[in-house]
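Everything below concerns the one structure shown next.
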Amino acid sequence: MNRIRKVTLKAKEEGRKLLIPYLVAGDPNLSITVDLMNELVKDGADIIELGIPFSDPSSDGPVIQRGVERALARGTTLEEILQVVSRFRCGNSVTPIVLMGYLNPIEIMGYELFAQLSSEVGVDGVLVVDMPPAESANLKHLLQEASIEMIYLVAPTTSHVRANTIARYSSGYLYYVSLKGVTGAALTDLESVASSIKILRELTDLPIVIGFGIKDADSAREMSELAEGVVIGSSLVEEIAKLAGKEQISNTEITATTELIRESRKAIDN
Amino acid sequence: MFEAKGSSVILDGPDEYGHFGPYGGIFVGETLIAAIEELTATYSELSSNEEFWREFDNELKYYVGRPSPLYFAESLSNACGGAKIYLKREDLNHTGAHKVNNTIGQALLAKHMGKTRIIAETGAGQHGVASATVAARLGLECCVYMGAEDIVRQAPNVYRMKLLGANVVAVDSGSRTLKDAMNEALRDWATNVDNTYYIIGTVAGPHPYPKIVRDFQCVIGREARAQSKEQLGRLPDVLIACVGGGSNAIGLFYPFLSDEQVLMYGVEAGGKGLETGEHAAPLNEGTPGVLHGNRTYLMTDSGGQIMETHSVSAGLDYPGVGPEHAWLKDNKRVNYVAVTDTEAIQAFHKLTRLEGIIPALESSHAIAYGIELAATMDGSKCLIINLSGRGDKDIETIAKIEGIEL
């Protein structure tokens with residue numbers, strides 16, 4: 001069984017909410033990325049979303065844009081990111097990894113090679129932000145053959161009819177974008193999220209996770225109550241930014257960087 | 001509608017999903033899909049309504065000053081000693097370029113959709129000026145995103161936009177040029193999607209933009225076709241236009257696509273030379289990929305990152321190109337060539353001195369190729385070059401290159 005299904009089923013049985021941190025692969029470098037991933041698991045991450053940096057991240061706000069720029073300044077490539085997953089898998093065979101990014105790097109690598117390599121290194125899910133269901137039949141098919149879930153976004157602007165289509169297309173989990181805007185924007189309207197999730201809930205049995213506006217442990221707790229889990233991206237990337245430019249990074253610094261995730265775990269579980 | 005030579009593909013795109021063969025489509029974040037669906041529905045309704053096109057034509061006639069002349073450049077033709085060169089004078093449009101044909105049309109769409117705010121990206125500033133102009137006239141709030149580097153090299157246009165009441169936002173991310181301005185406009189659109197209409201300035205972006213912008217720009221080719229028949233007594237032998245995103249080129253070419261005897265050349269920015277890698281010529285040197293909502297030829301590296309481009313002309317300094325051009329390239333209906341910065345600047349001077357017309361640096365690329373081609377052709381042949389914009393905005397750039405302080 002795919003690791004995402006195992007983890008989400010288990011969480012459901014235990015009444016535990018999913019905590020999903022996002023970080024940009026290669027920010028500030030690939031070896032730190034592996035250290036951070038291992039640390040995030042210790043902190044209580046259920047799934048890790050690993051961002052594939054792209055030069056033109058038009059759905060991302062300034063924090064993740066800068067993370068992407070830091071990763072690309074070192075020439076981080078998709079091949080290397082897949083190697084990072086492979087290195088992570090040497091010590092961890094349970095935590096699901098979802099690659100999240102834009103289409104062009106995957107398009108240039110070629111869908112077949114991407115699906116094959118992803119499967120070999122132990123990727124569990126793929127989320128391509130600029131590839132709606134209507135354009136993704138080929139990639140989805142290849143990933144499905146490789147037992148990799150293809151995850152899609154639902155936005156506050158998504159119509160009911162369309163949400164139904166996306167829910168049927170998506171596998172693994174459904175990612176609800178909590179606000180109109182880009183990653184890292186300030187979230188204000190908890191009530192509208194609650195009512196959207198309620199509608200979505202009737203369309204699917206998939207776990208629904210909420211992302212895009214979650215700043216801290218408090219907002220993580222509030223949001224987690226509305227769905228099966230939360231994604232924390234920009235706030236973590238902002239912490240990771242503090243590691244940039246350092247010659248040596250100690251274990252203490254790695255631990256300090258992911259404190260937000262430990263706190264969020266605690267807040268969500270209580 | 002058109003059967004390409006040596007190909008069975010019918011060049012009548014896009015299909016209902018916005019595909020031109022393998023190109024085009026809708027590749028955007030989910031937040032924008034609803035806005036795109038709304039635009040598609042509005043355009044589909046309005047474009048089948050004669051009243052809408054009457055309104056559009058009326059604007060073009062009385063506000064833009066169309067039709068633009070088809071001008072016989074006799075001195076330039078004599079200097080080349082070959083084919084007769086005609087210029088389609090888009091530089092004479094209100095605001096000084098072809099861009100306004102599109103912004104007038106899209107502003108009408110925005111008005112029909114009840115949007116109160118428009119946003120635009122701009123490279124050379126011509127599209128930004130054309131957007132700020134229609135916004136001023138319709139009383140819409142206007143925000144123009146422009147790469148920080150372009151703001152420096154197109155200062156006069158920045159000030160024009162400000163005079164017109166637009167908020168010009170400098171984009172400091174990435175290569176600080178047109179592509180980054182487009183990223184920022186997409187972010188704004190996702191954030192303010194309820195009240196904001198995004199006027200894309202070229203035949204790129206997600207479907208239905210490439211079709212909408214083409215439909216509005218086709219007035220260039222329709223006029224040129226009628227003017228050719230009237231002034232030459234026949235169709236021209238060759239059409240030439242510069243290609244950045246490709247809106248002036250598709251505007252000129254599209255109404256001639258089924259005229260098989262008419263040869264077409266799209267001229268990309270060769271920058272410092274195709275062999276140097278410092279250019280903006282994705283149709284000549286690029287690879288198909290996905291950027292800014294559509295699949296098309298791109299300047300992308302082997303890892304799928306978009307490369308920085310170079311052109312002396314800000315309006316051509318873009319790593320992608322409209323998906324319909326990608327398709328016309330593959331089907332060999334249009335020949336895509338490139339002209340270097342130096343050649344474009346020489347053409348800029350030549351046209352200025354021989355005809356008393358200062359062309360935009362973008363259009364100078366088309367002039368450069370036209371001059372070269374005309375010289376190889378018989379005097380009985382006629383070619384039309386799209387003079388897509390005037391060059392007033394570029395005089396500082398030219399002066400700087402030549403070491404002159406203004």
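Convention: chains lettered A, B, ... in structure tokens order; per-chain residue numbering from 1; ligands numbered from 1 as shown.
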
Distance filter 8 Å, only C-alpha atoms, chain A against chain B, as a ChimeraX atom specification:
/A:54-61,69,77-78,103-109,129-132,135,153-159,180-182

Give me the residues near Cys143 (chain B) as JSON, numbers by chain, where near means some atom within 7 Å (using only C-alpha atoms) and where sequence neighbours in that chain fewer than 3 positions away do not count.
{"B": [118, 119, 120, 166, 167, 168]}

Within 7 Å of Phe212 (chain A), counting only C-alpha atoms, which residues qualify if same-chain residues fewer than 5 places away don't, as a ChimeraX atom specification?
/A:177-179,183-184

Residues of the last selection are to be written out with N, CA, C and O atoms, as a CSV table (one decimal), in the first residue's frame.
```csv
chain,number,residue,atom,x,y,z
A,177,VAL,N,-6.8,25.2,-0.7
A,177,VAL,CA,-6.1,26.4,-0.6
A,177,VAL,C,-7.0,27.4,0.2
A,177,VAL,O,-8.1,27.7,-0.2
A,178,SER,N,-6.5,27.8,1.4
A,178,SER,CA,-7.4,28.5,2.3
A,178,SER,C,-7.7,29.9,2.0
A,178,SER,O,-8.6,30.6,2.6
A,179,LEU,N,-7.0,30.5,1.0
A,179,LEU,CA,-7.3,31.9,0.7
A,179,LEU,C,-7.1,32.2,-0.8
A,179,LEU,O,-6.5,31.4,-1.5
A,183,THR,N,1.1,31.7,-1.7
A,183,THR,CA,1.5,31.1,-0.5
A,183,THR,C,2.1,32.2,0.5
A,183,THR,O,2.7,33.1,0.0
A,184,GLY,N,1.8,32.0,1.7
A,184,GLY,CA,2.4,32.9,2.7
A,184,GLY,C,1.5,34.1,3.0
A,184,GLY,O,1.9,35.0,3.9
```

Can you pull out every residue from region 141-212 of chain A that DSSP, working from the backbone, puts in alpha helix (DSSP H), and format the result as a PyMOL selection string?
chain A and resi 141-145+160-169+190-201

Hey, can you spit out that residue selection with N, CA and C atoms as a compact mmCIF listing (two decimals), in the first residue's frame?
```txt
# COMPACT_ATOMS: atom_id res chain seq x y z
N HIS A 141 -1.58 9.19 -15.34
CA HIS A 141 -1.58 7.78 -15.69
C HIS A 141 -0.24 7.12 -15.37
N LEU A 142 0.84 7.78 -15.76
CA LEU A 142 2.17 7.23 -15.53
C LEU A 142 2.48 7.11 -14.03
N LEU A 143 2.06 8.12 -13.27
CA LEU A 143 2.31 8.09 -11.83
C LEU A 143 1.49 6.99 -11.17
N GLN A 144 0.26 6.87 -11.64
CA GLN A 144 -0.63 5.83 -11.09
C GLN A 144 -0.01 4.44 -11.30
N GLU A 145 0.53 4.21 -12.50
CA GLU A 145 1.18 2.93 -12.81
C GLU A 145 2.34 2.68 -11.85
N HIS A 160 -18.52 24.37 -7.42
CA HIS A 160 -18.93 23.10 -6.86
C HIS A 160 -18.74 21.96 -7.86
N VAL A 161 -19.15 22.22 -9.10
CA VAL A 161 -19.04 21.20 -10.15
C VAL A 161 -17.58 20.81 -10.35
N ARG A 162 -16.74 21.83 -10.39
CA ARG A 162 -15.32 21.58 -10.62
C ARG A 162 -14.68 20.87 -9.42
N ALA A 163 -15.07 21.28 -8.22
CA ALA A 163 -14.53 20.65 -7.01
C ALA A 163 -14.83 19.15 -7.03
N ASN A 164 -16.01 18.83 -7.53
CA ASN A 164 -16.41 17.44 -7.62
C ASN A 164 -15.48 16.67 -8.57
N THR A 165 -15.18 17.28 -9.71
CA THR A 165 -14.25 16.67 -10.67
C THR A 165 -12.87 16.49 -10.05
N ILE A 166 -12.39 17.54 -9.41
CA ILE A 166 -11.04 17.48 -8.83
C ILE A 166 -10.98 16.41 -7.73
N ALA A 167 -12.03 16.35 -6.93
CA ALA A 167 -12.06 15.36 -5.84
C ALA A 167 -11.99 13.94 -6.41
N ARG A 168 -12.63 13.73 -7.54
CA ARG A 168 -12.59 12.39 -8.14
C ARG A 168 -11.24 12.11 -8.78
N TYR A 169 -10.59 13.16 -9.25
CA TYR A 169 -9.30 13.03 -9.92
C TYR A 169 -8.16 12.83 -8.93
N LEU A 190 -11.67 32.46 8.84
CA LEU A 190 -11.78 31.06 9.25
C LEU A 190 -13.14 30.47 8.90
N GLU A 191 -14.16 31.31 9.02
CA GLU A 191 -15.53 30.82 8.79
C GLU A 191 -15.76 30.37 7.36
N SER A 192 -15.23 31.14 6.41
CA SER A 192 -15.45 30.75 5.02
C SER A 192 -14.70 29.46 4.71
N VAL A 193 -13.53 29.27 5.35
CA VAL A 193 -12.81 28.00 5.16
C VAL A 193 -13.67 26.86 5.70
N ALA A 194 -14.23 27.06 6.87
CA ALA A 194 -15.05 26.01 7.48
C ALA A 194 -16.21 25.62 6.57
N SER A 195 -16.88 26.62 5.98
CA SER A 195 -18.04 26.27 5.17
C SER A 195 -17.61 25.61 3.86
N SER A 196 -16.46 26.05 3.30
CA SER A 196 -15.98 25.40 2.07
C SER A 196 -15.60 23.95 2.32
N ILE A 197 -14.94 23.71 3.46
CA ILE A 197 -14.52 22.34 3.78
C ILE A 197 -15.74 21.44 3.96
N LYS A 198 -16.78 22.02 4.54
CA LYS A 198 -18.01 21.26 4.78
C LYS A 198 -18.60 20.78 3.44
N ILE A 199 -18.60 21.67 2.47
CA ILE A 199 -19.11 21.32 1.14
C ILE A 199 -18.22 20.26 0.49
N LEU A 200 -16.93 20.47 0.61
CA LEU A 200 -15.95 19.54 0.03
C LEU A 200 -16.07 18.15 0.65
N ARG A 201 -16.32 18.15 1.95
CA ARG A 201 -16.44 16.91 2.72
C ARG A 201 -17.50 15.98 2.13
```

Apply DSSP to the backbone of this structure and, from region 138-263 of chain A, keep only the residues in strand (DSSP E or B); write these as a VMD selection string.
chain A and resid 149 to 150 153 to 154 174 to 177 183 208 to 211 229 to 232

Write out as a PyMOL selection string which residues come within 10 Å of Ala204 (chain B) when counting only C-alpha atoms, dropping same-chain ones fewer than 6 positions away.
chain B and resi 24+210-211+213-214+245-247+291-296+320-325

Take the selection from the previous step and output its residues with all heavy atoms, as a short mmCIF file (atom, residue, chain, number, x, y, z; two decimals), in the first residue's frame.
```cif
data_model
loop_
_atom_site.label_atom_id
_atom_site.label_comp_id
_atom_site.auth_asym_id
_atom_site.auth_seq_id
_atom_site.Cartn_x
_atom_site.Cartn_y
_atom_site.Cartn_z
N GLY B 24 -0.21 25.56 -26.21
CA GLY B 24 -1.30 26.31 -25.61
C GLY B 24 -1.81 25.63 -24.35
O GLY B 24 -1.04 25.10 -23.55
N PRO B 210 -4.50 33.71 -25.68
CA PRO B 210 -3.88 33.75 -27.02
C PRO B 210 -4.91 33.97 -28.14
O PRO B 210 -4.61 34.64 -29.13
CB PRO B 210 -3.22 32.37 -27.13
CG PRO B 210 -2.94 31.98 -25.71
CD PRO B 210 -4.13 32.50 -24.94
N LYS B 211 -6.10 33.43 -27.95
CA LYS B 211 -7.15 33.61 -28.97
C LYS B 211 -7.74 35.03 -28.92
O LYS B 211 -7.90 35.68 -29.95
CB LYS B 211 -8.25 32.58 -28.74
CG LYS B 211 -9.45 32.76 -29.65
CD LYS B 211 -10.49 31.67 -29.38
CE LYS B 211 -11.86 32.06 -29.89
NZ LYS B 211 -11.85 32.36 -31.34
N VAL B 213 -6.42 37.84 -27.73
CA VAL B 213 -5.48 38.86 -28.17
C VAL B 213 -5.30 38.78 -29.69
O VAL B 213 -5.26 39.81 -30.39
CB VAL B 213 -4.12 38.73 -27.43
CG1 VAL B 213 -3.13 39.76 -27.94
CG2 VAL B 213 -4.32 38.88 -25.92
N ARG B 214 -5.26 37.58 -30.22
CA ARG B 214 -5.17 37.42 -31.68
C ARG B 214 -6.39 38.05 -32.36
O ARG B 214 -6.26 38.81 -33.32
CB ARG B 214 -5.11 35.93 -32.04
CG ARG B 214 -5.08 35.70 -33.55
CD ARG B 214 -5.33 34.24 -33.88
NE ARG B 214 -6.74 33.90 -33.74
CZ ARG B 214 -7.21 32.65 -33.70
NH1 ARG B 214 -6.37 31.62 -33.75
NH2 ARG B 214 -8.50 32.41 -33.59
N GLY B 245 6.43 38.05 -27.74
CA GLY B 245 5.30 37.16 -27.46
C GLY B 245 4.60 36.83 -28.77
O GLY B 245 4.10 35.74 -28.98
N GLY B 246 4.58 37.83 -29.65
CA GLY B 246 4.11 37.59 -31.01
C GLY B 246 2.75 38.16 -31.36
O GLY B 246 2.12 37.69 -32.31
N SER B 247 2.29 39.22 -30.65
CA SER B 247 0.93 39.68 -30.95
C SER B 247 0.84 40.51 -32.22
O SER B 247 -0.13 40.39 -32.97
CB SER B 247 0.34 40.44 -29.76
OG SER B 247 0.99 41.67 -29.54
N LEU B 291 5.23 27.52 -19.43
CA LEU B 291 5.47 28.74 -18.66
C LEU B 291 4.27 29.66 -18.83
O LEU B 291 3.70 29.75 -19.91
CB LEU B 291 6.75 29.44 -19.14
CG LEU B 291 7.08 30.77 -18.45
CD1 LEU B 291 7.51 30.55 -17.01
CD2 LEU B 291 8.17 31.52 -19.20
N HIS B 292 3.93 30.37 -17.75
CA HIS B 292 2.89 31.40 -17.81
C HIS B 292 1.61 30.91 -18.46
O HIS B 292 1.02 31.58 -19.31
CB HIS B 292 3.40 32.66 -18.54
CG HIS B 292 4.50 33.36 -17.79
ND1 HIS B 292 5.47 34.11 -18.39
CD2 HIS B 292 4.75 33.42 -16.46
CE1 HIS B 292 6.30 34.60 -17.47
NE2 HIS B 292 5.86 34.19 -16.29
N GLY B 293 1.20 29.72 -18.08
CA GLY B 293 -0.13 29.28 -18.47
C GLY B 293 -0.25 28.51 -19.75
O GLY B 293 -1.32 28.03 -20.08
N ASN B 294 0.84 28.39 -20.52
CA ASN B 294 0.72 27.65 -21.77
C ASN B 294 1.97 26.86 -22.11
O ASN B 294 3.04 27.12 -21.62
CB ASN B 294 0.35 28.59 -22.93
CG ASN B 294 1.45 29.59 -23.24
OD1 ASN B 294 2.19 29.46 -24.20
ND2 ASN B 294 1.57 30.61 -22.38
N ARG B 295 1.75 25.84 -22.99
CA ARG B 295 2.89 25.07 -23.48
C ARG B 295 3.34 25.71 -24.79
O ARG B 295 2.52 25.96 -25.67
CB ARG B 295 2.51 23.61 -23.70
CG ARG B 295 3.69 22.77 -24.19
CD ARG B 295 3.34 21.31 -24.36
NE ARG B 295 3.26 20.60 -23.09
CZ ARG B 295 2.17 20.02 -22.63
NH1 ARG B 295 1.06 20.06 -23.34
NH2 ARG B 295 2.18 19.41 -21.47
N THR B 296 4.64 25.95 -24.89
CA THR B 296 5.17 26.61 -26.09
C THR B 296 6.68 26.44 -26.12
O THR B 296 7.26 25.80 -25.24
CB THR B 296 4.80 28.12 -26.07
OG1 THR B 296 5.18 28.70 -27.32
CG2 THR B 296 5.49 28.86 -24.94
N GLY B 320 9.61 33.13 -23.70
CA GLY B 320 8.60 32.30 -24.35
C GLY B 320 8.07 32.99 -25.58
O GLY B 320 8.58 34.01 -26.02
N VAL B 321 7.01 32.41 -26.13
CA VAL B 321 6.39 32.95 -27.33
C VAL B 321 4.97 32.40 -27.39
O VAL B 321 4.70 31.33 -26.83
CB VAL B 321 7.23 32.56 -28.58
CG1 VAL B 321 7.26 31.05 -28.77
CG2 VAL B 321 6.73 33.24 -29.84
N GLY B 322 4.08 33.11 -28.03
CA GLY B 322 2.70 32.64 -28.12
C GLY B 322 2.60 31.23 -28.70
O GLY B 322 3.34 30.89 -29.63
N PRO B 323 1.69 30.39 -28.14
CA PRO B 323 1.60 29.00 -28.57
C PRO B 323 1.21 28.81 -30.04
O PRO B 323 1.59 27.82 -30.66
CB PRO B 323 0.53 28.41 -27.64
CG PRO B 323 -0.25 29.58 -27.12
CD PRO B 323 0.74 30.72 -27.08
N GLU B 324 0.49 29.77 -30.58
CA GLU B 324 0.11 29.62 -31.99
C GLU B 324 1.34 29.75 -32.90
O GLU B 324 1.43 29.08 -33.93
CB GLU B 324 -0.96 30.67 -32.36
CG GLU B 324 -1.60 30.40 -33.72
CD GLU B 324 -2.90 31.14 -33.93
OE1 GLU B 324 -3.24 32.03 -33.13
OE2 GLU B 324 -3.59 30.82 -34.92
N HIS B 325 2.29 30.57 -32.49
CA HIS B 325 3.53 30.68 -33.26
C HIS B 325 4.30 29.35 -33.20
O HIS B 325 4.90 28.93 -34.18
CB HIS B 325 4.42 31.80 -32.72
CG HIS B 325 3.94 33.17 -33.09
ND1 HIS B 325 3.94 33.64 -34.38
CD2 HIS B 325 3.41 34.17 -32.33
CE1 HIS B 325 3.46 34.88 -34.41
NE2 HIS B 325 3.12 35.22 -33.18
#
```

Which one of A:Ile268, A:Ala256, A:Ile20, A:Met100 sits closest to Lys242 (chain A) if you count only C-alpha atoms?
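Among A:Ile268, A:Ala256, A:Ile20, A:Met100, it is A:Ala256 that comes nearest to Lys242 (chain A).
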
Please list as a list in words every residue within 10 Å of Gln116 (chain A), counting only C-alpha atoms and excluding residues in the same chain fewer than 3 positions away.
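Contacts, in chain order: Tyr111, Glu112, Leu113, Ser119, Glu120, Val121, Leu142, Leu143, Glu145 and Ala146 of chain A.
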
Residue selection dump (C-alpha atoms) as a PDB file, in the first residue's frame:
```pdb
ATOM      1  CA  TYR A 111       7.007  12.353 -17.721  1.00  0.00           C
ATOM      2  CA  GLU A 112       8.111   8.722 -18.129  1.00  0.00           C
ATOM      3  CA  LEU A 113      11.562   9.222 -16.680  1.00  0.00           C
ATOM      4  CA  SER A 119       9.078   5.432  -8.011  1.00  0.00           C
ATOM      5  CA  GLU A 120      12.640   4.105  -7.689  1.00  0.00           C
ATOM      6  CA  VAL A 121      13.665   6.600  -4.999  1.00  0.00           C
ATOM      7  CA  LEU A 142       2.174   7.226 -15.527  1.00  0.00           C
ATOM      8  CA  LEU A 143       2.306   8.093 -11.834  1.00  0.00           C
ATOM      9  CA  GLU A 145       1.177   2.931 -12.812  1.00  0.00           C
ATOM     10  CA  ALA A 146       4.109   3.650 -10.489  1.00  0.00           C
TER      11      ALA A 146
END
```

For each of B:Ile104, B:Leu70, B:Leu92, B:Ala136, take the minimum atom-to-atom distance to Gly391 (chain B), counting only C-alpha atoms, then give the residue where this is smallest.
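Smallest separation from Gly391 (chain B) among the options: B:Leu92.
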
What is the distance between CA of Glu253 (chain A) and CA of Gly125 (chain A), in Å to one decimal?
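Interatomic distance, CA of Glu253 (chain A) to CA of Gly125 (chain A): 29.1 Å.
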
Could you check how far CA of Thr257 (chain A) sits from CA of Ser93 (chain A), in Å to one decimal?
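Going from CA of Thr257 (chain A) over to CA of Ser93 (chain A), I get 23.6 Å.
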
In Å, how far is it from CA of Phe20 (chain B) to CA of Lys332 (chain B)?
13.9 Å

Which residues of region 111-214 of chain A have any atom within 12 Å of an atom in region 41-47 of chain A when counting only C-alpha atoms, and what is the closest pair of atoms for each, with the distance in Å to one decimal? Order the rows by chain and rising number and write it as a tab-separated table.
```
residue	atom	partner	partner_atom	distance
A:Val123	CA	A:Ile47	CA	11.2
A:Asp124	CA	A:Ile47	CA	9.6
A:Gly125	CA	A:Ile47	CA	10.0
A:Gly172	CA	A:Ile47	CA	11.0
A:Tyr173	CA	A:Ile47	CA	11.0
A:Val209	CA	A:Ile47	CA	11.2
```

Please dump the current selection as a CSV table (one decimal), in the first residue's frame; keep N, CA and C atoms.
```
chain,number,residue,atom,x,y,z
A,123,VAL,N,9.3,8.2,-3.9
A,123,VAL,CA,8.3,9.3,-3.8
A,123,VAL,C,6.9,8.7,-3.7
A,124,ASP,N,6.1,9.4,-2.9
A,124,ASP,CA,4.7,8.8,-2.7
A,124,ASP,C,3.6,9.6,-3.4
A,125,GLY,N,3.9,10.9,-3.5
A,125,GLY,CA,2.8,11.8,-4.2
A,125,GLY,C,3.5,12.9,-4.9
A,172,GLY,N,-4.7,10.2,-2.7
A,172,GLY,CA,-3.8,10.5,-1.5
A,172,GLY,C,-4.5,11.4,-0.6
A,173,TYR,N,-4.6,12.7,-0.9
A,173,TYR,CA,-5.4,13.6,-0.2
A,173,TYR,C,-5.8,14.8,-1.1
A,209,VAL,N,-6.6,18.4,3.5
A,209,VAL,CA,-5.7,19.2,4.3
A,209,VAL,C,-5.8,20.6,3.8
```

Residues near region 22-38 of chain A, anyone? I mean within 7 Å using only C-alpha atoms, not counting same-chain ones fewer than 5 positions away, as a PDB file with N, CA and C atoms, in the first residue's frame.
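Full text of part02.pdb as output:
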```pdb
ATOM      1  N   ILE A  48       5.866  14.833   4.370  1.00  0.00           N
ATOM      2  CA  ILE A  48       6.698  15.993   4.037  1.00  0.00           C
ATOM      3  C   ILE A  48       6.452  16.387   2.583  1.00  0.00           C
ATOM      4  N   GLU A  49       6.151  17.661   2.388  1.00  0.00           N
ATOM      5  CA  GLU A  49       6.058  18.178   1.023  1.00  0.00           C
ATOM      6  C   GLU A  49       7.393  18.824   0.676  1.00  0.00           C
ATOM      7  N   LEU A  50       8.008  18.289  -0.366  1.00  0.00           N
ATOM      8  CA  LEU A  50       9.328  18.754  -0.770  1.00  0.00           C
ATOM      9  C   LEU A  50       9.172  19.572  -2.048  1.00  0.00           C
ATOM     10  N   GLY A  51       9.489  20.853  -1.946  1.00  0.00           N
ATOM     11  CA  GLY A  51       9.300  21.756  -3.086  1.00  0.00           C
ATOM     12  C   GLY A  51      10.396  21.604  -4.118  1.00  0.00           C
ATOM     13  N   ILE A  52       9.996  21.478  -5.383  1.00  0.00           N
ATOM     14  CA  ILE A  52      10.958  21.473  -6.491  1.00  0.00           C
ATOM     15  C   ILE A  52      11.130  22.926  -6.916  1.00  0.00           C
ATOM     16  N   PRO A  53      12.313  23.510  -6.732  1.00  0.00           N
ATOM     17  CA  PRO A  53      12.447  24.930  -7.084  1.00  0.00           C
ATOM     18  C   PRO A  53      12.280  25.168  -8.583  1.00  0.00           C
ATOM     19  N   GLY A  67      13.237  31.427  -1.025  1.00  0.00           N
ATOM     20  CA  GLY A  67      13.750  30.079  -0.767  1.00  0.00           C
ATOM     21  C   GLY A  67      14.148  29.393  -2.074  1.00  0.00           C
ATOM     22  N   VAL A  68      13.295  29.570  -3.074  1.00  0.00           N
ATOM     23  CA  VAL A  68      13.545  28.989  -4.394  1.00  0.00           C
ATOM     24  C   VAL A  68      14.805  29.610  -5.009  1.00  0.00           C
ATOM     25  N   ARG A  70      17.319  30.848  -3.397  1.00  0.00           N
ATOM     26  CA  ARG A  70      18.497  30.321  -2.691  1.00  0.00           C
ATOM     27  C   ARG A  70      18.863  28.936  -3.224  1.00  0.00           C
ATOM     28  N   ALA A  71      17.839  28.114  -3.444  1.00  0.00           N
ATOM     29  CA  ALA A  71      18.106  26.755  -3.935  1.00  0.00           C
ATOM     30  C   ALA A  71      18.670  26.798  -5.355  1.00  0.00           C
ATOM     31  N   THR A  76      20.433  23.720  -7.901  1.00  0.00           N
ATOM     32  CA  THR A  76      19.670  22.516  -7.551  1.00  0.00           C
ATOM     33  C   THR A  76      18.834  22.016  -8.731  1.00  0.00           C
ATOM     34  N   ILE A  81      17.219  16.371  -6.517  1.00  0.00           N
ATOM     35  CA  ILE A  81      16.158  16.316  -5.511  1.00  0.00           C
ATOM     36  C   ILE A  81      15.682  14.866  -5.341  1.00  0.00           C
ATOM     37  N   VAL A  84      17.942  13.235  -3.122  1.00  0.00           N
ATOM     38  CA  VAL A  84      17.683  13.601  -1.727  1.00  0.00           C
ATOM     39  C   VAL A  84      16.633  12.663  -1.134  1.00  0.00           C
ATOM     40  N   PHE A  88      17.102  10.179   2.006  1.00  0.00           N
ATOM     41  CA  PHE A  88      16.166  10.203   3.135  1.00  0.00           C
ATOM     42  C   PHE A  88      15.595   8.804   3.366  1.00  0.00           C
ATOM     43  N   VAL A 231      -1.014  22.114   6.201  1.00  0.00           N
ATOM     44  CA  VAL A 231       0.300  22.249   5.584  1.00  0.00           C
ATOM     45  C   VAL A 231       0.908  23.551   6.092  1.00  0.00           C
ATOM     46  N   ILE A 232       2.159  23.475   6.554  1.00  0.00           N
ATOM     47  CA  ILE A 232       2.856  24.689   6.974  1.00  0.00           C
ATOM     48  C   ILE A 232       4.063  24.877   6.066  1.00  0.00           C
ATOM     49  N   GLY A 233       4.054  25.954   5.269  1.00  0.00           N
ATOM     50  CA  GLY A 233       5.122  26.170   4.299  1.00  0.00           C
ATOM     51  C   GLY A 233       5.934  27.417   4.571  1.00  0.00           C
ATOM     52  N   VAL A 237       9.810  28.017   5.852  1.00  0.00           N
ATOM     53  CA  VAL A 237      10.833  28.495   4.916  1.00  0.00           C
ATOM     54  C   VAL A 237      11.481  29.778   5.442  1.00  0.00           C
ATOM     55  N   LEU A 243      19.323  30.041   7.946  1.00  0.00           N
ATOM     56  CA  LEU A 243      20.496  29.168   7.805  1.00  0.00           C
ATOM     57  C   LEU A 243      21.352  29.546   6.601  1.00  0.00           C
ATOM     58  N   ALA A 244      20.779  30.388   5.720  1.00  0.00           N
ATOM     59  CA  ALA A 244      21.475  30.708   4.472  1.00  0.00           C
ATOM     60  C   ALA A 244      22.806  31.406   4.749  1.00  0.00           C
ATOM     61  N   ILE A 254      19.667  23.205  13.494  1.00  0.00           N
ATOM     62  CA  ILE A 254      18.632  22.469  12.746  1.00  0.00           C
ATOM     63  C   ILE A 254      17.397  22.320  13.644  1.00  0.00           C
TER      64      ILE A 254
END
```
